[in-house]
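coords_22.cif, holding mmCIF, C-alpha atoms:
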data_start
loop_
_atom_site.label_atom_id
_atom_site.label_comp_id
_atom_site.auth_asym_id
_atom_site.auth_seq_id
_atom_site.Cartn_x
_atom_site.Cartn_y
_atom_site.Cartn_z
CA MET C 29 -45.57 -56.44 24.23
CA GLY C 30 -46.27 -60.14 24.18
CA GLN C 31 -43.80 -63.00 24.04
CA ILE C 32 -42.05 -63.22 20.68
CA THR C 33 -41.33 -66.78 19.56
CA GLU C 34 -38.02 -67.49 17.85
CA ARG C 35 -38.57 -67.78 14.10
CA LYS C 36 -36.26 -68.26 11.15
CA PRO C 37 -36.42 -65.45 8.56
CA LEU C 38 -37.13 -66.21 4.93
CA HIS C 39 -34.57 -63.66 3.79
CA THR C 40 -32.22 -61.04 5.23
CA LEU C 41 -31.32 -57.73 3.58
CA SER C 42 -28.69 -55.24 4.70
CA GLY C 43 -27.85 -51.80 3.40
CA LYS C 44 -27.91 -48.06 3.90
CA VAL C 45 -31.05 -45.94 4.34
CA ILE C 46 -31.24 -43.51 1.44
CA HIS C 47 -33.50 -40.63 0.44
CA GLY C 48 -36.47 -41.82 -1.55
CA ARG C 49 -38.97 -39.59 -3.30
CA GLY C 50 -40.65 -38.65 -0.05
CA ILE C 51 -43.95 -40.08 -1.27
CA GLY C 52 -44.50 -42.14 1.88
CA LYS C 53 -44.20 -38.99 3.95
CA LEU C 54 -46.62 -37.15 1.68
CA VAL C 55 -49.32 -39.79 2.19
CA GLY C 56 -48.82 -40.09 5.94
CA MET C 57 -46.93 -43.36 5.99
CA PRO C 58 -43.17 -42.61 6.10
CA THR C 59 -40.81 -45.40 5.08
CA ALA C 60 -37.13 -46.21 5.35
CA ASN C 61 -35.78 -46.74 1.84
CA MET C 62 -32.88 -49.15 1.65
CA GLU C 63 -30.22 -48.82 -1.01
CA VAL C 64 -30.42 -51.64 -3.57
CA SER C 65 -27.09 -52.45 -5.20
CA ASP C 66 -28.08 -55.73 -6.86
CA GLU C 67 -31.74 -56.48 -7.63
CA SER C 68 -30.90 -60.14 -8.27
CA THR C 69 -30.31 -60.63 -4.53
CA LEU C 70 -33.85 -59.57 -3.65
CA PRO C 71 -36.67 -62.03 -2.87
CA PRO C 72 -39.89 -62.02 -4.93
CA SER C 73 -41.78 -58.73 -4.90
CA GLY C 74 -44.53 -58.21 -2.37
CA VAL C 75 -45.25 -57.00 1.15
CA TYR C 76 -43.50 -58.81 4.01
CA ILE C 77 -43.66 -58.86 7.80
CA THR C 78 -40.21 -57.80 8.96
CA GLU C 79 -37.87 -57.38 11.90
CA ILE C 80 -35.53 -54.39 11.66
CA LEU C 81 -32.15 -53.89 13.33
CA LEU C 82 -31.14 -50.24 13.55
CA ASP C 83 -28.56 -48.62 15.84
CA GLY C 84 -28.39 -51.81 17.90
CA GLN C 85 -32.14 -51.74 18.53
CA THR C 86 -34.75 -54.16 17.22
CA TYR C 87 -37.95 -52.85 15.65
CA TYR C 88 -40.82 -54.43 13.76
CA GLY C 89 -42.71 -53.42 10.66
CA ILE C 90 -43.66 -54.21 7.08
CA THR C 91 -41.51 -54.04 3.97
CA ASN C 92 -42.58 -53.53 0.37
CA ILE C 93 -40.25 -54.94 -2.26
CA GLY C 94 -40.92 -54.00 -5.86
CA THR C 95 -42.52 -51.10 -7.68
CA ARG C 96 -45.21 -48.73 -6.36
CA PRO C 97 -48.16 -49.16 -8.73
CA THR C 98 -50.55 -46.92 -6.78
CA VAL C 99 -48.03 -44.10 -6.39
CA ASP C 100 -46.35 -43.91 -9.80
CA ASN C 101 -45.66 -45.83 -13.01
CA ASP C 102 -41.93 -46.08 -12.35
CA LYS C 103 -40.58 -49.60 -12.88
CA GLU C 104 -37.63 -49.08 -10.52
CA ILE C 105 -37.44 -51.71 -7.80
CA SER C 106 -37.25 -50.37 -4.25
CA VAL C 107 -37.14 -51.75 -0.71
CA GLU C 108 -39.31 -49.59 1.56
CA THR C 109 -39.98 -50.37 5.20
CA HIS C 110 -42.59 -48.82 7.47
CA ILE C 111 -41.31 -49.23 11.04
CA LEU C 112 -43.97 -49.56 13.71
CA ASN C 113 -43.94 -46.93 16.46
CA PHE C 114 -41.06 -45.04 14.85
CA ASN C 115 -40.80 -41.48 13.58
CA GLU C 116 -37.16 -40.42 13.28
CA GLU C 117 -34.76 -39.31 10.54
CA ILE C 118 -32.37 -42.19 9.80
CA TYR C 119 -30.90 -41.29 6.40
CA GLY C 120 -27.38 -42.60 5.93
CA LYS C 121 -27.64 -45.20 8.69
CA SER C 122 -27.09 -48.93 8.19
CA ILE C 123 -30.16 -51.13 8.49
CA ARG C 124 -30.75 -54.88 8.52
CA ILE C 125 -34.14 -56.22 7.51
CA GLN C 126 -35.25 -59.79 8.18
CA LEU C 127 -38.28 -60.93 6.18
CA PHE C 128 -40.39 -63.46 8.08
CA SER C 129 -43.66 -63.86 6.19
CA LYS C 130 -45.08 -62.64 2.91
CA LEU C 131 -48.41 -60.91 3.50
CA ARG C 132 -49.51 -60.25 -0.04
CA SER C 133 -48.48 -59.54 -3.61
CA GLN C 134 -48.34 -56.01 -4.92
CA LYS C 135 -51.60 -54.42 -5.91
CA LYS C 136 -52.68 -51.14 -7.47
CA PHE C 137 -55.30 -49.32 -5.39
CA GLU C 138 -57.78 -46.80 -6.75
CA ASN C 139 -56.68 -44.06 -4.33
CA PHE C 140 -54.34 -43.32 -1.43
CA SER C 141 -57.07 -43.85 1.17
CA LEU C 142 -57.53 -47.47 0.14
CA LEU C 143 -53.76 -47.96 0.05
CA LEU C 144 -53.42 -46.54 3.57
CA GLU C 145 -56.24 -48.75 4.83
CA GLN C 146 -54.43 -51.80 3.43
CA ILE C 147 -51.12 -50.69 4.96
CA ARG C 148 -52.87 -50.32 8.31
CA MET C 149 -54.21 -53.87 8.01
CA ASP C 150 -50.70 -55.04 7.09
CA CYS C 151 -49.36 -53.35 10.24
CA ILE C 152 -52.01 -55.09 12.35
CA ALA C 153 -50.95 -58.41 10.83
CA ALA C 154 -47.32 -57.64 11.73
CA ARG C 155 -48.30 -56.79 15.31
CA ASN C 156 -50.22 -60.05 15.59
CA PHE C 157 -47.34 -62.03 14.11
CA PHE C 158 -44.85 -60.71 16.66
CA GLY C 159 -47.31 -60.68 19.56
CA ILE C 160 -47.30 -56.90 19.95
CA GLU C 161 -50.27 -55.59 21.88
CA GLN C 162 -52.76 -53.47 19.96
CA THR C 163 -54.00 -50.07 21.06
CA ILE C 164 -57.75 -50.41 21.69
CA SER C 165 -59.90 -47.37 21.05
CA ARG C 166 -63.56 -46.44 21.34
CA LEU C 167 -63.14 -44.63 18.04
CA TYR C 168 -63.10 -46.70 14.84
CA MET C 169 -62.21 -45.54 11.33
CA ASN C 170 -62.76 -47.17 7.93
CA ALA C 171 -60.76 -45.55 5.14
CA ALA C 172 -62.59 -47.33 2.33
CA LYS C 173 -65.95 -45.93 3.49
CA ARG C 174 -64.45 -42.68 4.86
CA GLN C 175 -66.27 -43.53 8.07
CA VAL C 176 -65.67 -42.50 11.70
CA ILE C 177 -67.56 -44.31 14.46
CA ILE C 178 -67.62 -43.53 18.19
CA GLY C 179 -69.70 -46.08 20.04
CA ASP C 180 -72.97 -46.30 18.09
CA HIS C 181 -72.58 -42.89 16.46
CA GLU C 182 -71.15 -41.97 13.10
CA VAL C 183 -69.14 -38.74 13.01
CA TYR C 184 -69.09 -36.73 9.79
CA LEU C 185 -65.78 -35.07 8.93
CA SER C 186 -64.55 -33.09 5.94
CA ALA C 187 -61.96 -34.71 3.65
CA LYS C 188 -59.01 -32.96 5.30
CA GLU C 189 -60.37 -33.62 8.80
CA PHE C 190 -60.75 -37.31 8.02
CA ASP C 191 -57.26 -37.58 6.53
CA ILE C 192 -55.58 -35.95 9.54
CA LEU C 193 -57.46 -38.06 12.06
CA TYR C 194 -56.81 -41.24 10.05
CA MET C 195 -53.09 -40.46 9.91
CA LEU C 196 -52.93 -40.21 13.71
CA TYR C 197 -55.29 -43.17 14.19
CA SER C 198 -53.23 -45.43 11.90
CA ASP C 199 -50.09 -45.14 14.03
CA PRO C 200 -51.32 -44.30 17.53
CA ASP C 201 -48.05 -44.94 19.33
CA ILE C 202 -46.08 -42.10 17.76
CA ALA C 203 -46.43 -38.33 17.53
CA TYR C 204 -46.33 -36.42 14.25
CA THR C 205 -45.08 -32.87 13.81
CA LYS C 206 -47.39 -30.26 12.33
CA GLU C 207 -45.11 -30.16 9.30
CA GLN C 208 -45.42 -33.91 8.77
CA ILE C 209 -49.19 -33.74 9.04
CA TYR C 210 -49.41 -30.85 6.59
CA GLU C 211 -47.23 -32.57 3.99
CA ALA C 212 -49.14 -35.85 4.35
CA VAL C 213 -52.63 -34.34 4.04
CA TRP C 214 -52.06 -31.36 1.74
CA HIS C 215 -49.46 -33.27 -0.35
CA GLU C 216 -47.08 -30.33 -0.58
CA PRO C 217 -44.17 -28.89 1.45
CA SER C 218 -45.31 -27.02 4.56
CA ASN C 219 -42.71 -24.25 4.24
CA GLY C 220 -43.11 -23.67 7.96
CA CYS C 221 -46.76 -22.63 7.71
CA CYS C 222 -49.00 -25.00 9.66
CA HIS C 223 -51.98 -22.84 10.62
CA ALA C 224 -54.15 -25.05 8.41
CA VAL C 225 -53.21 -28.06 10.53
CA GLU C 226 -53.98 -26.26 13.79
CA ASN C 227 -57.33 -25.02 12.50
CA THR C 228 -58.32 -28.44 11.17
CA ILE C 229 -57.33 -30.17 14.42
CA PHE C 230 -59.53 -27.66 16.26
CA GLN C 231 -62.49 -28.54 14.03
CA ILE C 232 -61.91 -32.30 14.47
CA ARG C 233 -61.87 -31.96 18.23
CA LYS C 234 -65.05 -29.91 18.11
CA ARG C 235 -66.87 -32.56 16.06
CA LEU C 236 -65.63 -35.49 18.18
CA LYS C 237 -66.62 -33.76 21.42
CA ASP C 238 -70.27 -34.01 20.36
CA TYR C 239 -70.02 -37.77 20.87
CA SER C 240 -67.30 -38.09 23.50
CA ARG C 241 -67.20 -35.05 25.78
CA GLU C 242 -65.14 -36.80 28.43
CA HIS C 243 -62.26 -37.71 26.13
CA ASP C 244 -59.98 -35.89 23.67
CA PHE C 245 -58.91 -38.32 20.96
CA ILE C 246 -56.11 -36.02 19.79
CA LYS C 247 -53.29 -35.30 22.20
CA THR C 248 -51.18 -32.16 21.76
CA VAL C 249 -47.47 -32.83 22.22
CA ILE C 250 -46.20 -29.45 23.39
CA GLY C 251 -43.55 -27.98 21.10
CA PHE C 252 -43.84 -30.89 18.68
CA GLY C 253 -47.22 -31.78 17.22
CA TYR C 254 -50.02 -34.28 17.78
CA LYS C 255 -50.71 -37.96 18.40
CA PHE C 256 -53.79 -40.16 18.69
CA ASN C 257 -55.16 -40.64 22.19
CA ALA C 258 -57.23 -43.82 22.35
CA GLY C 259 -60.47 -43.51 24.28
CA GLN C 260 -60.67 -46.80 26.12
CA GLY C 261 -63.61 -48.31 27.89
CA ASN C 262 -67.32 -47.67 27.40
#
What do you get writing this file as structure tokens?
Amino acid sequence: MGQITERKPLHTLSGKVIHGRGIGKLVGMPTANMEVSDESTLPPSGVYITEILLDGQTYYGITNIGTRPTVDNDKEISVETHILNFNEEIYGKSIRIQLFSKLRSQKKFENFSLLLEQIRMDCIAARNFFGIEQTISRLYMNAAKRQVIIGDHEVYLSAKEFDILYMLYSDPDIAYTKEQIYEAVWHEPSNGCCHAVENTIFQIRKRLKDYSREHDFIKTVIGFGYKFNAGQGN
């Protein structure tokens, strides 16, 4: 992690993490939803670069304040934060969010893939803002074009294969459980059955090996799930 320069936040919010609708989890981008007691105390809607204080630890991420036009037509205002490099249950805990810079206004995207691509770009902007080092990989993905590139080669994946790999690729510093992957890609509760995830991961590895035999881009976390394994170098 690089040196973080002292900055003054635009706004500070404090509250309790509550259960949302679980939509972030079902699209592969889990968020911490903060309880909103008075909407008049909130800053203008939009997506912000944020610093998060939780359990005495400081984290970084992005926060969406407002409605969720791509996800639903609900007009309820929410405060949802995606925390970088974080994948834990924190419901009921107190959280403090400092908003440092507004990245963009809210926008309705045509599909979840385009929304996830934008969120990934927002996360990169947050990393750059705080001087957090990026994970460099030989594999590159473009959600808008549904494209996977290794070196000079394009890899063709099925829809489910692409979505699983993109989920891991988008947050390479954390591991996801098989249940989380299933719910994010199949958009339904896993009910403890994750054979589809295991089989799809097997197929992804098989396709990627055709272009990178010396490196496995998906790391198995024994007894837990999977995470992205960046293939660095040439």
Can you tell me, as a PyMOL selection string, what residues are no more than 6 Å from Thr91 in chain C when counting only C-alpha atoms, ignoring any on the same chain fewer than 5 positions away? chain C and resi 75-76+108-109
Within 9 Å of Gly43 in chain C using all atoms listed in the file, minus same-chain residues under 3 positions, as a list in words: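 In the requested format, the answer is Met62, Glu63, Val64, Ser65, Lys121, Ser122, Ile123, Arg124 and Ile125 of chain C.
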Residues picked by the PyMOL selection byres ((chain C and resi 133) around 12) here, as a count of residues only? 20
Given the choices C:Leu236, C:Ile250, C:Leu142, C:Leu185, which gets closest to Asn170 in chain C if the distance is worked out from all atoms listed in the file?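 Checking each candidate against Asn170 in chain C, we get C:Leu142 as the closest.
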Expected answer as a VMD selection string: all residues with atoms within 10 Å of (-47.6, -46.3, 16.6), only C-alpha atoms: chain C and resid 111 to 115 151 162 to 163 196 to 203 255 to 256
What does the PyMOL selection byres ((chain C and resi 210) around 12) select in this file, as a ChimeraX atom specification? /C:53-56,188-189,191-192,195,204-209,211-229,253-254
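Residues in contact range of Asp244 in chain C, defined as at most 12 Å between all atoms listed in the file, with sequence neighbours fewer than 2 positions away removed, read Ser165, Arg166, Leu167, Ile229, Phe230, Ile232, Arg233, Lys234, Arg235, Leu236, Lys237, Asp238, Tyr239, Ser240, Arg241, Glu242, Ile246, Lys247, Thr248, Tyr254, Lys255, Phe256, Asn257, Ala258, Gly259 and Gln260 of chain C.
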Identify, on the basis of all atoms listed in the file, every residue whose closest approach to Gln126 in chain C does not exceed 9 Å; exclude the query and any residue fewer than 4 positions from it along the same chain; express the result as a ChimeraX atom specification. /C:37-42,77-81
Write to file, as a short mmCIF file (atom, residue, chain, number, x, y, z; two decimals), in the coordinates of the input, the residues of the selection just made, with C-alpha atoms.
data_model
loop_
_atom_site.label_atom_id
_atom_site.label_comp_id
_atom_site.auth_asym_id
_atom_site.auth_seq_id
_atom_site.Cartn_x
_atom_site.Cartn_y
_atom_site.Cartn_z
CA PRO C 37 -36.42 -65.45 8.56
CA LEU C 38 -37.13 -66.21 4.93
CA HIS C 39 -34.57 -63.66 3.79
CA THR C 40 -32.22 -61.04 5.23
CA LEU C 41 -31.32 -57.73 3.58
CA SER C 42 -28.69 -55.24 4.70
CA ILE C 77 -43.66 -58.86 7.80
CA THR C 78 -40.21 -57.80 8.96
CA GLU C 79 -37.87 -57.38 11.90
CA ILE C 80 -35.53 -54.39 11.66
CA LEU C 81 -32.15 -53.89 13.33
#
Which distance in Å separates CA of His47 in chain C and CA of Ser106 in chain C, to one decimal?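 Taking CA of His47 in chain C and CA of Ser106 in chain C, their separation equals 11.4 Å.
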Between C:Val249, C:Ala60, C:Leu70, C:Leu193, which has the minimum distance to Gln231 in chain C (counting all atoms listed in the file)? C:Leu193
How far is it from CA of Asp66 in chain C to CA of Glu117 in chain C, in Å with one decimal?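 One can read the CA of Asp66 in chain C to CA of Glu117 in chain C distance as 24.8 Å.
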Quick one: distance from CA of Arg35 in chain C to CA of Phe128 in chain C in Å, one decimal?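 Going from CA of Arg35 in chain C over to CA of Phe128 in chain C, I get 7.6 Å.
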Only C-alpha atoms, please: range 67-191 of chain C from the block, as a PDB file, in the first residue's frame.
ATOM      1  CA  GLU C  67     -32.484  11.333   4.766  1.00  0.00           C
ATOM      2  CA  SER C  68     -32.096  15.101   5.196  1.00  0.00           C
ATOM      3  CA  THR C  69     -28.650  14.544   6.738  1.00  0.00           C
ATOM      4  CA  LEU C  70     -27.343  12.795   3.628  1.00  0.00           C
ATOM      5  CA  PRO C  71     -25.172  14.496   0.992  1.00  0.00           C
ATOM      6  CA  PRO C  72     -26.301  14.661  -2.663  1.00  0.00           C
ATOM      7  CA  SER C  73     -26.885  11.277  -4.294  1.00  0.00           C
ATOM      8  CA  GLY C  74     -24.079   9.660  -6.229  1.00  0.00           C
ATOM      9  CA  VAL C  75     -21.064   7.381  -5.903  1.00  0.00           C
ATOM     10  CA  TYR C  76     -18.281   8.491  -3.557  1.00  0.00           C
ATOM     11  CA  ILE C  77     -14.745   7.395  -2.695  1.00  0.00           C
ATOM     12  CA  THR C  78     -14.835   6.523   0.985  1.00  0.00           C
ATOM     13  CA  GLU C  79     -12.832   5.582   4.053  1.00  0.00           C
ATOM     14  CA  ILE C  80     -14.565   3.150   6.406  1.00  0.00           C
ATOM     15  CA  LEU C  81     -13.996   2.650  10.133  1.00  0.00           C
ATOM     16  CA  LEU C  82     -15.204  -0.728  11.365  1.00  0.00           C
ATOM     17  CA  ASP C  83     -14.228  -2.584  14.556  1.00  0.00           C
ATOM     18  CA  GLY C  84     -11.363  -0.156  15.092  1.00  0.00           C
ATOM     19  CA  GLN C  85      -9.920  -0.920  11.652  1.00  0.00           C
ATOM     20  CA  THR C  86      -9.723   1.402   8.656  1.00  0.00           C
ATOM     21  CA  TYR C  87     -10.823   0.179   5.229  1.00  0.00           C
ATOM     22  CA  TYR C  88     -11.374   1.842   1.872  1.00  0.00           C
ATOM     23  CA  GLY C  89     -14.095   1.545  -0.716  1.00  0.00           C
ATOM     24  CA  ILE C  90     -16.897   3.212  -2.635  1.00  0.00           C
ATOM     25  CA  THR C  91     -20.313   4.264  -1.387  1.00  0.00           C
ATOM     26  CA  ASN C  92     -23.521   4.695  -3.352  1.00  0.00           C
ATOM     27  CA  ILE C  93     -26.034   7.125  -1.897  1.00  0.00           C
ATOM     28  CA  GLY C  94     -29.479   7.204  -3.453  1.00  0.00           C
ATOM     29  CA  THR C  95     -31.696   4.785  -5.314  1.00  0.00           C
ATOM     30  CA  ARG C  96     -30.607   1.784  -7.422  1.00  0.00           C
ATOM     31  CA  PRO C  97     -31.949   2.487 -10.917  1.00  0.00           C
ATOM     32  CA  THR C  98     -30.313  -0.537 -12.565  1.00  0.00           C
ATOM     33  CA  VAL C  99     -31.453  -2.970  -9.876  1.00  0.00           C
ATOM     34  CA  ASP C 100     -35.043  -1.916  -9.172  1.00  0.00           C
ATOM     35  CA  ASN C 101     -37.536   0.944  -9.469  1.00  0.00           C
ATOM     36  CA  ASP C 102     -37.729   1.496  -5.716  1.00  0.00           C
ATOM     37  CA  LYS C 103     -37.408   5.160  -4.759  1.00  0.00           C
ATOM     38  CA  GLU C 104     -36.118   4.380  -1.260  1.00  0.00           C
ATOM     39  CA  ILE C 105     -32.819   6.093  -0.499  1.00  0.00           C
ATOM     40  CA  SER C 106     -30.036   3.804   0.706  1.00  0.00           C
ATOM     41  CA  VAL C 107     -26.373   4.076   1.686  1.00  0.00           C
ATOM     42  CA  GLU C 108     -24.470   1.070   0.331  1.00  0.00           C
ATOM     43  CA  THR C 109     -20.720   0.638   0.615  1.00  0.00           C
ATOM     44  CA  HIS C 110     -18.516  -1.850  -1.198  1.00  0.00           C
ATOM     45  CA  ILE C 111     -15.419  -2.339   0.961  1.00  0.00           C
ATOM     46  CA  LEU C 112     -12.230  -3.183  -0.896  1.00  0.00           C
ATOM     47  CA  ASN C 113     -10.560  -6.481   0.019  1.00  0.00           C
ATOM     48  CA  PHE C 114     -13.327  -7.397   2.460  1.00  0.00           C
ATOM     49  CA  ASN C 115     -15.697 -10.353   2.570  1.00  0.00           C
ATOM     50  CA  GLU C 116     -17.166 -10.767   6.052  1.00  0.00           C
ATOM     51  CA  GLU C 117     -20.605 -10.672   7.689  1.00  0.00           C
ATOM     52  CA  ILE C 118     -20.929  -7.407   9.631  1.00  0.00           C
ATOM     53  CA  TYR C 119     -24.685  -7.055  10.180  1.00  0.00           C
ATOM     54  CA  GLY C 120     -25.528  -5.190  13.369  1.00  0.00           C
ATOM     55  CA  LYS C 121     -22.104  -3.580  13.709  1.00  0.00           C
ATOM     56  CA  SER C 122     -21.494   0.164  13.895  1.00  0.00           C
ATOM     57  CA  ILE C 123     -19.790   1.741  10.904  1.00  0.00           C
ATOM     58  CA  ARG C 124     -18.423   5.193  10.130  1.00  0.00           C
ATOM     59  CA  ILE C 125     -18.108   6.292   6.526  1.00  0.00           C
ATOM     60  CA  GLN C 126     -16.092   9.317   5.439  1.00  0.00           C
ATOM     61  CA  LEU C 127     -16.843  10.568   1.929  1.00  0.00           C
ATOM     62  CA  PHE C 128     -13.786  12.112   0.260  1.00  0.00           C
ATOM     63  CA  SER C 129     -14.618  12.598  -3.406  1.00  0.00           C
ATOM     64  CA  LYS C 130     -17.685  12.216  -5.589  1.00  0.00           C
ATOM     65  CA  LEU C 131     -16.909   9.950  -8.532  1.00  0.00           C
ATOM     66  CA  ARG C 132     -20.109  10.222 -10.508  1.00  0.00           C
ATOM     67  CA  SER C 133     -23.848  10.743 -10.428  1.00  0.00           C
ATOM     68  CA  GLN C 134     -26.216   7.816 -10.454  1.00  0.00           C
ATOM     69  CA  LYS C 135     -26.867   6.155 -13.764  1.00  0.00           C
ATOM     70  CA  LYS C 136     -29.090   3.361 -15.031  1.00  0.00           C
ATOM     71  CA  PHE C 137     -27.140   0.672 -16.895  1.00  0.00           C
ATOM     72  CA  GLU C 138     -28.607  -1.654 -19.501  1.00  0.00           C
ATOM     73  CA  ASN C 139     -27.532  -4.802 -17.648  1.00  0.00           C
ATOM     74  CA  PHE C 140     -25.659  -6.036 -14.581  1.00  0.00           C
ATOM     75  CA  SER C 141     -22.457  -6.678 -16.534  1.00  0.00           C
ATOM     76  CA  LEU C 142     -22.135  -3.018 -17.459  1.00  0.00           C
ATOM     77  CA  LEU C 143     -22.952  -2.013 -13.884  1.00  0.00           C
ATOM     78  CA  LEU C 144     -20.261  -4.341 -12.531  1.00  0.00           C
ATOM     79  CA  GLU C 145     -17.732  -3.008 -15.032  1.00  0.00           C
ATOM     80  CA  GLN C 146     -18.468   0.537 -13.836  1.00  0.00           C
ATOM     81  CA  ILE C 147     -18.198  -0.512 -10.184  1.00  0.00           C
ATOM     82  CA  ARG C 148     -14.838  -2.095 -10.944  1.00  0.00           C
ATOM     83  CA  MET C 149     -13.655   1.168 -12.514  1.00  0.00           C
ATOM     84  CA  ASP C 150     -14.955   3.033  -9.448  1.00  0.00           C
ATOM     85  CA  CYS C 151     -12.922   0.684  -7.221  1.00  0.00           C
ATOM     86  CA  ILE C 152      -9.802   1.348  -9.301  1.00  0.00           C
ATOM     87  CA  ALA C 153     -10.388   5.082  -8.874  1.00  0.00           C
ATOM     88  CA  ALA C 154     -10.670   4.584  -5.098  1.00  0.00           C
ATOM     89  CA  ARG C 155      -7.424   2.586  -5.037  1.00  0.00           C
ATOM     90  CA  ASN C 156      -5.663   5.320  -6.988  1.00  0.00           C
ATOM     91  CA  PHE C 157      -7.076   8.028  -4.724  1.00  0.00           C
ATOM     92  CA  PHE C 158      -5.742   6.371  -1.578  1.00  0.00           C
ATOM     93  CA  GLY C 159      -2.513   5.147  -3.164  1.00  0.00           C
ATOM     94  CA  ILE C 160      -3.372   1.459  -2.832  1.00  0.00           C
ATOM     95  CA  GLU C 161      -1.314  -0.750  -5.106  1.00  0.00           C
ATOM     96  CA  GLN C 162      -3.160  -2.534  -7.892  1.00  0.00           C
ATOM     97  CA  THR C 163      -2.957  -6.245  -8.602  1.00  0.00           C
ATOM     98  CA  ILE C 164      -1.375  -6.621 -12.056  1.00  0.00           C
ATOM     99  CA  SER C 165      -2.431  -9.598 -14.125  1.00  0.00           C
ATOM    100  CA  ARG C 166      -1.596 -11.066 -17.519  1.00  0.00           C
ATOM    101  CA  LEU C 167      -5.299 -11.750 -17.897  1.00  0.00           C
ATOM    102  CA  TYR C 168      -7.577  -8.842 -18.827  1.00  0.00           C
ATOM    103  CA  MET C 169     -11.380  -8.783 -18.849  1.00  0.00           C
ATOM    104  CA  ASN C 170     -13.852  -6.316 -20.380  1.00  0.00           C
ATOM    105  CA  ALA C 171     -17.398  -6.755 -19.118  1.00  0.00           C
ATOM    106  CA  ALA C 172     -18.976  -4.483 -21.730  1.00  0.00           C
ATOM    107  CA  LYS C 173     -17.558  -6.615 -24.571  1.00  0.00           C
ATOM    108  CA  ARG C 174     -17.706  -9.883 -22.579  1.00  0.00           C
ATOM    109  CA  GLN C 175     -14.060 -10.283 -23.519  1.00  0.00           C
ATOM    110  CA  VAL C 176     -11.200 -12.237 -21.909  1.00  0.00           C
ATOM    111  CA  ILE C 177      -7.642 -11.603 -23.092  1.00  0.00           C
ATOM    112  CA  ILE C 178      -4.454 -13.450 -22.101  1.00  0.00           C
ATOM    113  CA  GLY C 179      -1.451 -11.869 -23.747  1.00  0.00           C
ATOM    114  CA  ASP C 180      -2.391 -11.533 -27.427  1.00  0.00           C
ATOM    115  CA  HIS C 181      -5.071 -14.225 -27.300  1.00  0.00           C
ATOM    116  CA  GLU C 182      -8.789 -13.906 -26.774  1.00  0.00           C
ATOM    117  CA  VAL C 183     -10.379 -16.663 -24.686  1.00  0.00           C
ATOM    118  CA  TYR C 184     -13.990 -17.603 -25.389  1.00  0.00           C
ATOM    119  CA  LEU C 185     -16.090 -18.463 -22.339  1.00  0.00           C
ATOM    120  CA  SER C 186     -19.756 -19.286 -21.851  1.00  0.00           C
ATOM    121  CA  ALA C 187     -21.956 -16.728 -20.058  1.00  0.00           C
ATOM    122  CA  LYS C 188     -21.698 -18.462 -16.681  1.00  0.00           C
ATOM    123  CA  GLU C 189     -17.958 -19.059 -17.096  1.00  0.00           C
ATOM    124  CA  PHE C 190     -17.397 -15.389 -17.875  1.00  0.00           C
ATOM    125  CA  ASP C 191     -19.506 -14.219 -14.928  1.00  0.00           C
TER     126      ASP C 191
END
